[in-house]
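The next block holds one structure in the form of structure tokens; read it before the comments.
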Amino acid sequence: MKRRSFIKGVMAAGAASLLPAGAVTTLLQGCSEPSKAAGWDFDEVIDRSGTWSIKYGRAGENRFAMWIADMDFRTDPAVRNALQQRLDRDVLGYTSAPDEFFEAVHAWEGKQHGWEIPREWVGYAPGVISAINQAYLTFTQPGDKIVVQPPVYDHFRMYAERLGREVVDNPMILESGRYRMDFEGLEKLLDERTKMLVLCNPHNPCGILWDRDTLARLAEICEKHGVIVVSDEIHADLALYGKTHIPFCSASKAAERVGLIFGGPTKAFNLAGLSGTAFCVIPDKEKRDKYLGTLRAAKLDEPSIPTIVATIAAYSSDTGWLPALKKYLEGNIDCQMDFFKDNDLGIKAFRPEASFLVWLDCRALGLPQEQLMELFRDKAGVYLNNGASYGAGGEGFVRINVGCPRSILQAALESIRRAIS
Ligand SMILES: Cc1ncc(COP(=O)(O)O)c(C=O)c1O
């Protein structure tokens, strides 16, 4: 079935009607009732056709687009209203970043993450990945080594290599169903050519919220070896189940000295298409000046009007949309965890502590990676991310995006169940 007609079918009839009667009962046994937060309907199936969505464009004819990290939900009405009001002013001329932009980020770190910091630590960042690339250019030279800890978000490696840096793996250790950093391995591989480590905090794709001790230990080792830590905290605002995100530079004095944080509202508030919407927090003055100097030199230091307006609106929102979203995501994750527990398909899901990306261990299926991807894509019609793309330790895994209405998730899970059994 073509994706568009599938979506139309879902909208007309509800996803459950597309499934065999028995399958619906099986699905609902493991899942709580879809939660409807007052004022928002995360259950609403939104037709994204005609919006140039990368997620749906690349998924093509596959019925379920569950890969790239944006969600099939409307954004917080506070953000939509602010953007609409700004557009109503008609004139979109050259605009400087107002102090309210930096103040909104500064206040958010305190309010959301309990991290009270001096205002001057906060700066603009031209999108998280672009910002990390600028950090590569600022603090490393071609031929220098940059450490990543796979399986991890693939763009860290991709752009470092494009810029002629050597990427060195310090793979995470998977033990008793949990990932941890390999500090011994790290100490062994750091040498005088190693200039930087890129941390994913919270971790994509494994959904880990790193604890304070781990972050402090990492900072200590990196400082000892003169290695700068770039912490990608784009998923920070989506800590789930009452857990807490710890900003890397808040973990210890050493972390404050060696760390640069890049974050933004684009994941939590579903604004990924507002490219360039991000910020940095850099406690160390020398590093901050150097970094912001690189941005200025490249004329990358000017946020666009949508970036300014959306950031201020998101971080000042009092609508309650974000807590409601997190509750809904927890419900989706619970639903999926129960599904894989109740259906013995040879797939084990890792419960993420943050965000809407779930890491699925499919090694028990015993399929080569390409066949595994074919199973999901061609047999189940579910387009998701190939675990192998996240580097060492990703073979036999896939990443699925559950930031969608629960009816769609349930239908996708049932489709996977039928494809495998
Ligand atoms: C860990 C991580 N960092 C960065 C990005 C992309 O950030 P940006 O769009 O601001 O470049 C993503 C998007 O999926 C991500 O998961």
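Ordering of the structure tokens sets the chain letters (A, B, ...), residue numbers begin anew at 1 in every chain, and ligands are numbered from 1 in the order given.
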
May I ask you to write as a short mmCIF file (atom, residue, chain, number, x, y, z; two decimals) with N, CA and C atoms, in the first residue's frame all residues lying at most 6 Å from ligand 1, with only C-alpha atoms and all ligand atoms counted?
data_model
loop_
_atom_site.label_atom_id
_atom_site.label_comp_id
_atom_site.auth_asym_id
_atom_site.auth_seq_id
_atom_site.Cartn_x
_atom_site.Cartn_y
_atom_site.Cartn_z
N ALA A 69 15.41 11.55 13.17
CA ALA A 69 14.90 11.96 14.49
C ALA A 69 14.07 13.24 14.44
N GLY A 127 23.22 25.33 14.56
CA GLY A 127 22.80 23.93 14.44
C GLY A 127 23.82 23.08 15.17
N VAL A 128 23.38 21.98 15.74
CA VAL A 128 24.32 21.22 16.59
C VAL A 128 25.44 20.58 15.77
N ILE A 129 25.09 19.98 14.64
CA ILE A 129 26.16 19.33 13.86
C ILE A 129 27.08 20.36 13.23
N SER A 130 26.51 21.44 12.71
CA SER A 130 27.38 22.50 12.17
C SER A 130 28.27 23.05 13.27
N TYR A 153 25.81 8.22 17.32
CA TYR A 153 25.30 9.06 16.22
C TYR A 153 26.36 9.24 15.13
N CYS A 200 27.97 11.90 23.35
CA CYS A 200 26.55 12.06 23.05
C CYS A 200 25.80 11.92 24.37
N ASN A 204 22.51 8.92 21.78
CA ASN A 204 21.77 8.45 20.61
C ASN A 204 22.70 7.49 19.88
N ASP A 232 27.36 16.72 22.88
CA ASP A 232 26.14 16.97 22.10
C ASP A 232 24.95 16.67 23.01
N ILE A 234 21.64 17.60 22.44
CA ILE A 234 20.43 17.98 21.71
C ILE A 234 19.18 17.25 22.23
N ALA A 272 13.06 20.42 13.94
CA ALA A 272 14.30 20.07 13.23
C ALA A 272 14.43 20.81 11.90
#

Sel. of strand (DSSP E or B) residues, segment 52-246 of chain A, as a PyMOL selection string | chain A and resi 64-65+122-125+145-148+166-169+173-175+178-180+194-200+228-232+239

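Using only C-alpha atoms, the contacts of segment 364-373 of chain A at a cut-off of 9 Å, with sequence neighbours closer than 2 positions omitted, comprise Leu345, Gly346, Ile347, Lys348, Asp361, Cys362, Leu375, Phe376, Arg377, Asp378, Tyr383, Leu384, Asn385, Asn386, Gly387, Ala388, Glu395, Gly396, Phe397 and Val398 of chain A.
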
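Minimum atom-to-atom distances from A:Pro283, A:Gly93, A:Gly264, A:Gly293 to Phe248 of chain A were compared using only C-alpha atoms, and the lowest value belongs to A:Pro283.
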
Within 12 Å of Pro306 of chain A, counting only C-alpha atoms, which residues show up once you throw out same-chain ones fewer than 5 positions away? Write them as an NGL selection string, please.
-> :A and (79-87 or 92 or 95 or 97 or 101 or 266 or 271-278 or 311-314)

Please produce a file of the residues just selected, as a short mmCIF file (atom, residue, chain, number, x, y, z; two decimals), in the first residue's frame, where the atoms kept are N, CA and C atoms.
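What landed in again_11.cif:
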data_model
loop_
_atom_site.label_atom_id
_atom_site.label_comp_id
_atom_site.auth_asym_id
_atom_site.auth_seq_id
_atom_site.Cartn_x
_atom_site.Cartn_y
_atom_site.Cartn_z
N VAL A 79 5.12 27.94 20.49
CA VAL A 79 6.09 28.18 19.42
C VAL A 79 5.35 28.58 18.14
N ARG A 80 4.31 27.83 17.82
CA ARG A 80 3.56 28.15 16.60
C ARG A 80 3.01 29.58 16.66
N ASN A 81 2.41 29.94 17.80
CA ASN A 81 1.82 31.28 17.93
C ASN A 81 2.87 32.37 17.79
N ALA A 82 4.03 32.14 18.42
CA ALA A 82 5.09 33.16 18.37
C ALA A 82 5.56 33.35 16.92
N LEU A 83 5.74 32.24 16.20
CA LEU A 83 6.19 32.35 14.80
C LEU A 83 5.12 33.04 13.95
N GLN A 84 3.86 32.69 14.21
CA GLN A 84 2.78 33.31 13.42
C GLN A 84 2.72 34.81 13.69
N GLN A 85 2.85 35.17 14.96
CA GLN A 85 2.78 36.61 15.30
C GLN A 85 3.93 37.37 14.65
N ARG A 86 5.10 36.74 14.61
CA ARG A 86 6.24 37.42 14.00
C ARG A 86 6.01 37.58 12.50
N LEU A 87 5.45 36.56 11.86
CA LEU A 87 5.16 36.66 10.43
C LEU A 87 4.12 37.72 10.14
N LEU A 92 10.74 41.01 7.17
CA LEU A 92 11.70 40.00 7.65
C LEU A 92 13.13 40.46 7.34
N THR A 95 18.23 41.03 11.15
CA THR A 95 17.81 41.04 12.56
C THR A 95 18.98 40.60 13.43
N ALA A 97 20.56 39.10 17.07
CA ALA A 97 20.10 38.20 18.15
C ALA A 97 19.88 39.05 19.40
N PHE A 101 17.18 36.12 23.58
CA PHE A 101 17.54 34.80 23.05
C PHE A 101 18.49 34.08 24.02
N THR A 266 15.40 21.85 19.15
CA THR A 266 14.82 21.25 17.95
C THR A 266 14.29 19.83 18.13
N LEU A 271 11.39 20.83 16.08
CA LEU A 271 11.64 21.97 15.19
C LEU A 271 12.81 21.69 14.27
N ALA A 272 13.06 20.42 13.94
CA ALA A 272 14.30 20.07 13.23
C ALA A 272 14.43 20.81 11.90
N GLY A 273 13.31 21.16 11.28
CA GLY A 273 13.36 21.87 10.00
C GLY A 273 13.79 23.33 10.15
N LEU A 274 13.81 23.84 11.38
CA LEU A 274 14.33 25.21 11.60
C LEU A 274 15.84 25.10 11.76
N SER A 275 16.48 24.79 10.67
CA SER A 275 17.91 24.52 10.69
C SER A 275 18.68 25.70 11.28
N GLY A 276 19.73 25.40 12.03
CA GLY A 276 20.51 26.49 12.63
C GLY A 276 19.96 26.94 13.97
N THR A 277 19.05 26.16 14.54
CA THR A 277 18.44 26.56 15.82
C THR A 277 19.14 25.81 16.95
N ALA A 278 20.15 26.42 17.52
CA ALA A 278 20.94 25.76 18.56
C ALA A 278 21.69 26.79 19.39
N THR A 311 13.19 29.75 19.62
CA THR A 311 13.96 29.41 20.83
C THR A 311 13.38 30.12 22.05
N ILE A 312 13.12 31.41 21.89
CA ILE A 312 12.56 32.17 23.02
C ILE A 312 11.21 31.58 23.40
N ALA A 313 10.38 31.30 22.40
CA ALA A 313 9.03 30.80 22.70
C ALA A 313 9.08 29.43 23.37
N ALA A 314 9.95 28.54 22.85
CA ALA A 314 10.02 27.18 23.41
C ALA A 314 10.48 27.24 24.86
#

As JSON, numbers by chain, which residues of segment 76-307 of chain A does DSSP assign to helix (DSSP H, G or I)?
-> {"A": [77, 78, 79, 80, 81, 82, 83, 84, 85, 86, 87, 88, 99, 100, 101, 102, 103, 104, 105, 106, 107, 108, 109, 110, 111, 112, 113, 119, 120, 121, 128, 129, 130, 131, 132, 133, 134, 135, 136, 137, 138, 139, 155, 156, 157, 158, 159, 160, 161, 162, 183, 184, 185, 186, 187, 188, 189, 212, 213, 214, 215, 216, 217, 218, 219, 220, 221, 222, 223, 224, 236, 237, 238, 248, 249, 250, 253, 254, 255, 256, 257, 258, 285, 286, 287, 288, 289, 290, 291, 292, 293, 294, 295, 296, 297, 305, 306, 307]}

Leaving out Arg212 of chain A and any residue of its chain fewer than 3 positions from it, which residues lie within 7 Å of it when counting only C-alpha atoms, given as a PyMOL selection string?
-> chain A and resi 215-216+246+251
